[in-house]
file input_2.cif (mmCIF, C-alpha atoms)
data_work
loop_
_atom_site.label_atom_id
_atom_site.label_comp_id
_atom_site.auth_asym_id
_atom_site.auth_seq_id
_atom_site.Cartn_x
_atom_site.Cartn_y
_atom_site.Cartn_z
CA MET A 58 93.77 -15.88 -60.08
CA THR A 59 95.83 -15.36 -56.97
CA ALA A 60 95.19 -16.84 -53.53
CA PRO A 61 92.75 -14.79 -51.51
CA ALA A 62 94.41 -12.54 -48.97
CA PRO A 63 94.11 -13.92 -45.45
CA PRO A 64 91.09 -12.47 -43.71
CA ARG A 65 91.94 -10.33 -40.72
CA ASP A 66 90.06 -12.95 -38.68
CA ASP A 67 92.81 -15.42 -39.55
CA LEU A 68 95.52 -13.23 -38.07
CA ASN A 69 93.45 -12.68 -34.92
CA LEU A 70 92.89 -16.41 -34.68
CA VAL A 71 96.58 -17.19 -35.08
CA GLU A 72 97.30 -14.66 -32.34
CA ARG A 73 94.84 -16.42 -30.02
CA LEU A 74 96.29 -19.84 -30.82
CA ARG A 75 99.79 -18.60 -30.05
CA ASP A 76 98.41 -17.35 -26.74
CA GLY A 77 97.15 -20.86 -25.98
CA ASP A 78 93.42 -20.19 -26.42
CA GLU A 79 91.88 -23.68 -26.28
CA SER A 80 88.40 -22.70 -27.40
CA ALA A 81 89.83 -20.96 -30.46
CA PHE A 82 91.78 -24.10 -31.32
CA MET A 83 88.77 -26.38 -30.87
CA ALA A 84 86.61 -24.08 -33.00
CA LEU A 85 89.20 -24.36 -35.75
CA VAL A 86 89.22 -28.14 -35.37
CA ASP A 87 85.41 -28.22 -35.66
CA ARG A 88 85.57 -26.11 -38.77
CA LEU A 89 88.32 -27.93 -40.66
CA GLN A 90 88.61 -31.48 -39.34
CA PRO A 91 85.74 -33.05 -41.38
CA SER A 92 87.06 -31.77 -44.71
CA MET A 93 90.65 -32.58 -43.70
CA LEU A 94 89.67 -36.19 -43.07
CA ARG A 95 87.86 -36.50 -46.38
CA VAL A 96 90.65 -34.88 -48.38
CA ALA A 97 93.31 -37.00 -46.67
CA ARG A 98 91.27 -40.10 -47.43
CA LEU A 99 91.56 -39.37 -51.16
CA TYR A 100 95.34 -39.80 -50.93
CA VAL A 101 95.63 -42.79 -48.59
CA SER A 102 94.18 -46.27 -48.44
CA THR A 103 92.12 -46.35 -45.24
CA ALA A 104 90.14 -44.09 -42.93
CA ALA A 105 92.55 -44.98 -40.12
CA VAL A 106 95.57 -43.76 -42.09
CA ALA A 107 93.64 -40.61 -43.02
CA GLU A 108 93.09 -39.97 -39.29
CA GLU A 109 96.81 -40.34 -38.67
CA VAL A 110 97.56 -37.92 -41.49
CA VAL A 111 95.16 -35.35 -40.04
CA GLN A 112 96.60 -35.82 -36.57
CA GLU A 113 100.10 -35.33 -37.91
CA THR A 114 98.90 -32.25 -39.80
CA TRP A 115 97.61 -30.60 -36.62
CA LEU A 116 100.95 -31.22 -34.92
CA GLY A 117 102.65 -29.67 -37.95
CA VAL A 118 100.25 -26.73 -37.77
CA LEU A 119 101.05 -26.11 -34.11
CA ARG A 120 104.79 -26.37 -34.74
CA GLY A 121 104.54 -23.99 -37.70
CA LEU A 122 102.20 -21.41 -36.14
CA GLY A 123 105.12 -19.32 -34.95
CA SER A 124 106.25 -18.85 -38.52
CA PHE A 125 102.81 -18.40 -40.13
CA GLN A 126 103.19 -15.19 -42.09
CA GLY A 127 99.67 -14.76 -43.34
CA ARG A 128 100.73 -14.80 -46.99
CA SER A 129 97.85 -17.17 -47.67
CA SER A 130 94.72 -17.86 -45.67
CA LEU A 131 95.12 -20.06 -42.62
CA ARG A 132 92.96 -22.71 -44.27
CA THR A 133 95.09 -22.75 -47.43
CA TRP A 134 98.22 -23.03 -45.32
CA ILE A 135 96.80 -25.88 -43.21
CA PHE A 136 95.66 -27.82 -46.27
CA ARG A 137 99.07 -27.39 -47.87
CA ILE A 138 100.57 -29.10 -44.84
CA LEU A 139 97.87 -31.76 -45.00
CA THR A 140 98.32 -32.60 -48.67
CA ASN A 141 102.10 -32.78 -48.33
CA ILE A 142 101.79 -35.30 -45.51
CA ALA A 143 98.98 -37.21 -47.22
CA LYS A 144 100.84 -37.44 -50.54
CA THR A 145 103.96 -38.73 -48.82
CA ARG A 146 101.92 -41.33 -46.97
CA GLY A 147 100.10 -42.34 -50.14
CA GLN A 148 103.37 -42.75 -52.01
CA ARG A 149 104.87 -44.78 -49.19
CA GLU A 150 101.82 -47.02 -49.32
CA GLY A 151 102.30 -47.37 -53.04
CA ARG A 152 98.79 -46.14 -53.53
CA SER A 153 98.27 -44.83 -56.99
CA LEU A 154 94.68 -44.89 -58.04
CA PRO A 155 93.79 -44.02 -61.58
CA PHE A 156 92.10 -40.63 -61.71
CA ALA A 157 88.97 -42.25 -63.20
CA SER A 158 88.37 -44.43 -60.16
CA LEU A 159 88.03 -41.37 -57.94
CA ALA A 160 86.56 -38.97 -60.48
CA GLY A 161 83.88 -41.26 -61.88
CA ASP A 162 83.49 -42.54 -65.42
CA ASP A 163 80.62 -40.24 -66.33
CA LEU A 164 82.54 -37.00 -66.83
CA ASP A 165 81.47 -36.76 -70.46
CA ALA A 166 77.80 -37.34 -69.69
CA PRO A 167 75.45 -34.49 -70.57
CA ALA A 168 74.39 -32.11 -67.78
CA VAL A 169 70.74 -32.45 -68.77
CA ASP A 170 68.90 -35.51 -70.10
CA PRO A 171 69.13 -35.24 -73.92
CA ASP A 172 65.42 -36.10 -74.09
CA ARG A 173 64.71 -32.63 -72.73
CA PHE A 174 65.80 -31.21 -76.07
CA ASP A 175 64.95 -31.81 -79.69
CA THR A 176 61.59 -33.51 -79.43
CA PRO A 177 59.21 -32.85 -82.33
CA GLU A 178 57.68 -29.87 -80.50
CA ALA A 179 61.04 -28.12 -80.40
CA SER A 180 61.22 -25.88 -83.43
CA ILE A 181 64.98 -25.21 -83.26
CA ARG A 182 67.73 -27.82 -83.13
CA GLY A 183 69.15 -28.25 -79.63
CA ALA A 184 66.39 -26.17 -78.01
CA TRP A 185 64.48 -27.10 -74.88
CA SER A 186 61.38 -29.16 -75.54
CA THR A 187 60.34 -29.11 -71.88
CA LEU A 188 61.41 -25.92 -70.18
CA PRO A 189 63.03 -26.19 -66.75
CA ASP A 190 60.62 -25.20 -63.97
CA ASP A 191 60.74 -21.73 -62.56
CA TRP A 192 61.84 -22.18 -58.94
CA THR A 193 61.49 -18.53 -58.04
CA GLY A 194 58.01 -19.35 -56.70
CA VAL A 195 59.24 -22.07 -54.35
CA PRO A 196 58.97 -20.77 -50.79
CA GLU A 197 62.32 -20.24 -49.13
CA ASP A 198 61.50 -22.45 -46.15
CA ARG A 199 60.81 -25.37 -48.44
CA LEU A 200 63.83 -24.70 -50.65
CA LEU A 201 66.18 -24.65 -47.69
CA GLY A 202 64.14 -26.94 -45.47
CA ARG A 203 65.42 -30.06 -43.79
CA GLU A 204 63.92 -32.40 -46.40
CA THR A 205 65.41 -30.54 -49.34
CA LEU A 206 68.81 -30.48 -47.70
CA ALA A 207 68.54 -34.22 -47.11
CA VAL A 208 67.90 -34.67 -50.84
CA ILE A 209 71.01 -32.63 -51.65
CA ARG A 210 73.11 -34.45 -49.10
CA LYS A 211 72.01 -37.82 -50.46
CA ALA A 212 72.76 -36.76 -54.03
CA ILE A 213 76.26 -35.64 -53.02
CA ASP A 214 76.92 -38.80 -51.02
CA GLY A 215 76.02 -40.82 -54.13
CA LEU A 216 78.60 -39.08 -56.34
CA PRO A 217 82.03 -40.51 -57.19
CA VAL A 218 84.30 -39.40 -54.33
CA MET A 219 86.24 -36.72 -56.20
CA GLN A 220 83.05 -35.14 -57.60
CA ALA A 221 81.52 -35.21 -54.12
CA GLU A 222 84.55 -33.53 -52.57
CA VAL A 223 84.78 -30.82 -55.20
CA ILE A 224 81.14 -29.80 -54.75
CA ARG A 225 81.41 -29.94 -50.96
CA LEU A 226 84.47 -27.73 -50.91
CA ARG A 227 83.29 -25.32 -53.60
CA ASP A 228 79.57 -25.02 -52.88
CA ALA A 229 78.99 -26.22 -49.33
CA LEU A 230 82.13 -24.62 -47.87
CA GLY A 231 82.71 -21.80 -50.33
CA TRP A 232 86.31 -22.56 -51.32
CA THR A 233 87.77 -20.93 -54.42
CA SER A 234 88.60 -23.09 -57.42
CA GLU A 235 92.29 -22.49 -56.78
CA GLU A 236 92.08 -23.76 -53.22
CA VAL A 237 90.26 -26.86 -54.43
CA ARG A 238 92.78 -27.48 -57.21
CA ASN A 239 95.62 -27.30 -54.73
CA ALA A 240 94.02 -29.47 -52.06
CA LEU A 241 92.92 -32.17 -54.48
CA ASP A 242 95.84 -31.87 -56.89
CA LEU A 243 93.63 -31.16 -59.89
CA THR A 244 94.13 -29.23 -63.09
CA GLU A 245 91.85 -26.28 -63.71
CA THR A 246 89.98 -28.23 -66.37
CA ASN A 247 89.49 -31.32 -64.22
CA GLN A 248 88.30 -29.26 -61.30
CA ARG A 249 85.69 -27.61 -63.49
CA VAL A 250 84.54 -30.84 -65.13
CA LEU A 251 84.13 -32.51 -61.74
CA LEU A 252 82.19 -29.56 -60.37
CA HIS A 253 80.06 -29.44 -63.50
CA ARG A 254 79.08 -33.11 -63.22
CA ALA A 255 78.44 -32.81 -59.52
CA ARG A 256 76.26 -29.70 -59.81
CA ALA A 257 74.34 -31.17 -62.74
CA LYS A 258 73.44 -34.24 -60.70
CA VAL A 259 72.52 -32.31 -57.58
CA ARG A 260 70.34 -29.96 -59.65
CA GLY A 261 68.71 -33.03 -61.22
CA ALA A 262 67.99 -34.52 -57.80
CA LEU A 263 66.53 -31.23 -56.62
CA GLU A 264 64.41 -30.95 -59.75
CA ALA A 265 63.04 -34.46 -59.29
CA TYR A 266 62.25 -33.72 -55.66
CA LEU A 267 60.67 -30.30 -56.18
CA SER A 268 58.53 -31.42 -59.12
CA SER A 269 57.26 -34.49 -57.25
CA GLU A 270 56.38 -32.20 -54.35
CA ALA A 271 54.43 -29.86 -56.59
CA THR A 272 51.97 -32.48 -57.77
CA MET B 222 79.69 -13.45 -84.89
CA GLY B 223 79.58 -17.21 -85.46
CA ARG B 224 76.74 -19.63 -85.11
CA ASP B 225 74.56 -19.12 -82.04
CA LEU B 226 74.70 -21.51 -79.11
CA THR B 227 71.92 -24.04 -78.74
CA CYS B 228 70.27 -24.63 -75.35
CA LYS B 229 71.79 -28.10 -75.27
CA GLU B 230 75.27 -26.59 -75.70
CA LEU B 231 74.64 -23.77 -73.27
CA VAL B 232 73.89 -25.99 -70.29
CA GLU B 233 77.38 -27.48 -70.62
CA LEU B 234 78.95 -24.03 -70.31
CA VAL B 235 77.16 -22.91 -67.15
CA THR B 236 79.90 -23.97 -64.72
CA GLY B 237 82.58 -22.26 -66.79
CA TYR B 238 80.42 -19.16 -67.07
CA LEU B 239 79.79 -18.96 -63.33
CA ASP B 240 83.53 -19.40 -62.67
CA GLY B 241 84.36 -16.53 -65.01
CA ALA B 242 86.18 -18.90 -67.35
CA LEU B 243 84.31 -17.83 -70.49
CA ARG B 244 86.03 -14.92 -72.16
CA GLY B 245 85.21 -12.40 -74.83
CA ARG B 246 83.09 -13.77 -77.64
CA GLN B 247 82.24 -16.99 -75.75
CA ARG B 248 80.88 -15.00 -72.85
CA ARG B 249 78.94 -12.66 -75.09
CA ARG B 250 77.38 -15.59 -76.97
CA PHE B 251 76.37 -17.16 -73.64
CA GLU B 252 74.81 -13.98 -72.31
CA ALA B 253 73.09 -13.14 -75.57
CA HIS B 254 71.47 -16.58 -75.62
CA VAL B 255 70.29 -16.41 -72.01
CA ALA B 256 68.87 -12.93 -72.55
CA GLU B 257 66.53 -14.30 -75.22
CA CYS B 258 65.79 -17.76 -73.87
CA ASP B 259 63.28 -18.44 -71.08
CA GLY B 260 64.38 -22.07 -70.76
CA CYS B 261 68.04 -21.26 -70.26
CA THR B 262 67.20 -18.36 -67.94
CA ALA B 263 65.20 -20.80 -65.79
CA TYR B 264 68.03 -23.36 -65.96
CA LEU B 265 70.66 -20.82 -64.92
CA ARG B 266 68.42 -19.69 -62.02
CA GLN B 267 67.91 -23.32 -60.97
CA MET B 268 71.66 -23.81 -60.93
CA LEU B 269 72.19 -20.69 -58.80
CA THR B 270 69.49 -21.93 -56.43
CA THR B 271 71.13 -25.35 -56.28
CA ILE B 272 74.45 -23.74 -55.36
CA ARG B 273 72.81 -21.54 -52.74
CA ALA B 274 70.95 -24.47 -51.17
CA THR B 275 74.12 -26.59 -51.16
CA GLY B 276 75.80 -23.70 -49.37
CA THR B 277 73.51 -24.18 -46.38
CA LEU B 278 74.67 -27.76 -45.73
CA THR B 279 76.51 -28.18 -42.46
CA GLU B 280 79.60 -30.25 -41.79
CA GLU B 281 79.68 -33.46 -39.81
CA GLN B 282 80.57 -33.33 -36.14
CA VAL B 283 84.06 -34.07 -34.97
CA THR B 284 84.06 -37.10 -32.65
CA ASP B 285 84.76 -36.55 -28.96
CA GLU B 286 87.64 -38.98 -29.20
CA GLN B 287 89.34 -36.91 -31.89
CA LYS B 288 88.67 -33.72 -29.94
CA THR B 289 90.26 -35.15 -26.81
CA VAL B 290 93.37 -36.21 -28.69
CA LEU B 291 93.74 -32.81 -30.32
CA LEU B 292 93.07 -30.87 -27.12
CA THR B 293 95.80 -32.88 -25.42
CA ALA B 294 98.17 -32.13 -28.29
CA PHE B 295 97.32 -28.43 -28.02
CA ARG B 296 97.96 -28.42 -24.27
CA ASP B 297 101.28 -30.19 -24.76
CA TRP B 298 102.21 -27.60 -27.34
CA THR B 299 101.26 -24.60 -25.19
CA SER B 300 103.16 -25.96 -22.20
CA SER B 301 106.30 -26.73 -24.20
#
call {"tool": "encode", "arguments": {"input": "input_2.cif", "output": "structure tokens"}}
result
Amino acid sequence: MTAPAPPRDDLNLVERLRDGDESAFMALVDRLQPSMLRVARLYVSTAAVAEEVVQETWLGVLRGLGSFQGRSSLRTWIFRILTNIAKTRGQREGRSLPFASLAGDDLDAPAVDPDRFDTPEASIRGAWSTLPDDWTGVPEDRLLGRETLAVIRKAIDGLPVMQAEVIRLRDALGWTSEEVRNALDLTETNQRVLLHRARAKVRGALEAYLSSEAT
Amino acid sequence: MGRDLTCKELVELVTGYLDGALRGRQRRRFEAHVAECDGCTAYLRQMLTTIRATGTLTEEQVTDEQKTVLLTAFRDWTSS
């Protein structure tokens, strides 16, 4: 897979930034700053250092805007600057966390409770004994309502940090797997395993919530 | 064609499937199973719903303090 071509919006935005458009800059800050802070925090030891890294990144972005060619999306380009700065800071701090401490130690856990399969009623080995509920009947306003979103948010906040960040970037923000691999310095396999664990747990939380609501 | 997938095995392949990482025979085995299995069809739909609902989450707000710092940096940059 290759990096997505920069949307035309990106080139318009860069044009506006070069022209000194403050509202365009602040809109970009609103859009990217929260994820920049979280990603930086994965490389460095404290929230304060992560803030410095992000600050330094924005200065680097402004300095580099003149030479932004649009060969990648603006977001990809900005996060490349961010991860370079964050990695350097992390190395200077001597921070080297084992992958497992960020990724969680449950990566091999099954996506679905094994008790849901293979009970005496199940006629075939490894088949569902209790079928997953059909959610197609759940009204849209409940499915995407404030309470449901709070359940999802809580489930994500409870994940090991690297799992939480992968699902936020992929599913909440719509990043491609390649963008996530680059920003978080992950192999393709690790990215997928982290996303798989994260989605399995969020689905589980949603299932528990929706089935308790139904009764 | 080899042994069919079980439901228990299939749920572990859903992320790879949705990312287009299953190829050829693997992909065909996955799709053939789902086509005949109500449980896995429901599971796959639940997962797609989960992803769609997660996609409606909004980001945290940037603090005013951070905004002020960055706006100042931007103004310095435009005036330089």
call {"tool": "atom_distance", "arguments": {"input": "input_2.cif", "atom1": "atom CA of Cys228 of chain B", "atom2": "atom CA of Leu251 of chain A"}}
result
21.0 Å
call {"tool": "interface_residues", "arguments": {"input": "input_2.cif", "of": "chain B", "to": "chain A", "cutoff": "10 Å", "atoms": "only C-alpha atoms", "output": "VMD selection string"}}
result
chain B and resid 226 to 237 240 242 258 to 284 287 to 292 294 to 296 298 to 300
call {"tool": "atom_distance", "arguments": {"input": "input_2.cif", "atom1": "atom CA of Arg238 of chain A", "atom2": "atom CA of Lys258 of chain A"}}
result
20.8 Å
call {"tool": "atom_distance", "arguments": {"input": "input_2.cif", "atom1": "atom CA of Thr244 of chain A", "atom2": "atom CA of Ala105 of chain A"}}
result
27.9 Å
call {"tool": "axis_aligned_box", "arguments": {"input": "input_2.cif", "around": "segment 261-276 of chain B", "padding_each_side": "6 Å", "output": "JSON"}}
result
{"center_x": 70.5, "center_y": -22.5, "center_z": -59.8, "size_x": 22.6, "size_y": 20.2, "size_z": 32.9}
call {"tool": "resolve_selection", "arguments": {"input": "input_2.cif", "expression": "the PyMOL selection byres ((chain A and resi 219) around 10)", "output": "PyMOL selection string"}}
result
chain A and resi 95-96+99+156-161+216-218+220-225+241+243+248+251-252+255
call {"tool": "write_last_selection", "arguments": {"input": "input_2.cif", "atoms": "C-alpha atoms", "output": "compact mmCIF listing (two decimals), in the frame of the given file"}}
result
# COMPACT_ATOMS: atom_id res chain seq x y z
CA ARG A 95 87.86 -36.50 -46.38
CA VAL A 96 90.65 -34.88 -48.38
CA LEU A 99 91.56 -39.37 -51.16
CA PHE A 156 92.10 -40.63 -61.71
CA ALA A 157 88.97 -42.25 -63.20
CA SER A 158 88.37 -44.43 -60.16
CA LEU A 159 88.03 -41.37 -57.94
CA ALA A 160 86.56 -38.97 -60.48
CA GLY A 161 83.88 -41.26 -61.88
CA LEU A 216 78.60 -39.08 -56.34
CA PRO A 217 82.03 -40.51 -57.19
CA VAL A 218 84.30 -39.40 -54.33
CA GLN A 220 83.05 -35.14 -57.60
CA ALA A 221 81.52 -35.21 -54.12
CA GLU A 222 84.55 -33.53 -52.57
CA VAL A 223 84.78 -30.82 -55.20
CA ILE A 224 81.14 -29.80 -54.75
CA ARG A 225 81.41 -29.94 -50.96
CA LEU A 241 92.92 -32.17 -54.48
CA LEU A 243 93.63 -31.16 -59.89
CA GLN A 248 88.30 -29.26 -61.30
CA LEU A 251 84.13 -32.51 -61.74
CA LEU A 252 82.19 -29.56 -60.37
CA ALA A 255 78.44 -32.81 -59.52
call {"tool": "closest_residue", "arguments": {"input": "input_2.cif", "among": "A:Val106, A:Arg98, A:Asp172, A:Thr133", "to": "Trp232 of chain A", "atoms": "all atoms listed in the file"}}
result
A:Thr133
call {"tool": "residues_around", "arguments": {"input": "input_2.cif", "residues": "Ala143 of chain A", "least_positions_apart": "2", "cutoff": "7 Å", "atoms": "only C-alpha atoms", "output": "list in words"}}
result
Ala97, Tyr100, Val101, Val110, Leu139, Thr140, Asn141, Thr145, Arg146 and Gly147 of chain A
call {"tool": "build_atoms", "arguments": {"input": "input_2.cif", "residues": "segment 282-293 of chain B", "atoms": "N, CA and C atoms", "output": "short mmCIF file (atom, residue, chain, number, x, y, z; two decimals), in the coordinates of the input"}}
result
data_model
loop_
_atom_site.label_atom_id
_atom_site.label_comp_id
_atom_site.auth_asym_id
_atom_site.auth_seq_id
_atom_site.Cartn_x
_atom_site.Cartn_y
_atom_site.Cartn_z
N GLN B 282 79.97 -33.65 -37.43
CA GLN B 282 80.57 -33.33 -36.14
C GLN B 282 81.90 -34.06 -35.98
N VAL B 283 82.81 -33.41 -35.30
CA VAL B 283 84.06 -34.07 -34.97
C VAL B 283 83.81 -34.97 -33.76
N THR B 284 84.32 -36.18 -33.77
CA THR B 284 84.06 -37.10 -32.65
C THR B 284 84.76 -36.61 -31.38
N ASP B 285 84.17 -36.95 -30.24
CA ASP B 285 84.76 -36.55 -28.96
C ASP B 285 86.16 -37.12 -28.79
N GLU B 286 86.34 -38.33 -29.31
CA GLU B 286 87.64 -38.98 -29.20
C GLU B 286 88.71 -38.15 -29.92
N GLN B 287 88.38 -37.73 -31.14
CA GLN B 287 89.34 -36.91 -31.89
C GLN B 287 89.59 -35.57 -31.18
N LYS B 288 88.51 -35.01 -30.64
CA LYS B 288 88.67 -33.72 -29.94
C LYS B 288 89.60 -33.85 -28.74
N THR B 289 89.43 -34.94 -28.00
CA THR B 289 90.26 -35.15 -26.81
C THR B 289 91.73 -35.25 -27.19
N VAL B 290 91.99 -36.03 -28.23
CA VAL B 290 93.37 -36.21 -28.69
C VAL B 290 93.98 -34.87 -29.09
N LEU B 291 93.19 -34.08 -29.82
CA LEU B 291 93.74 -32.81 -30.32
C LEU B 291 93.89 -31.78 -29.20
N LEU B 292 92.96 -31.80 -28.25
CA LEU B 292 93.07 -30.87 -27.12
C LEU B 292 94.32 -31.19 -26.31
N THR B 293 94.59 -32.48 -26.13
CA THR B 293 95.80 -32.88 -25.42
C THR B 293 97.05 -32.40 -26.17
#
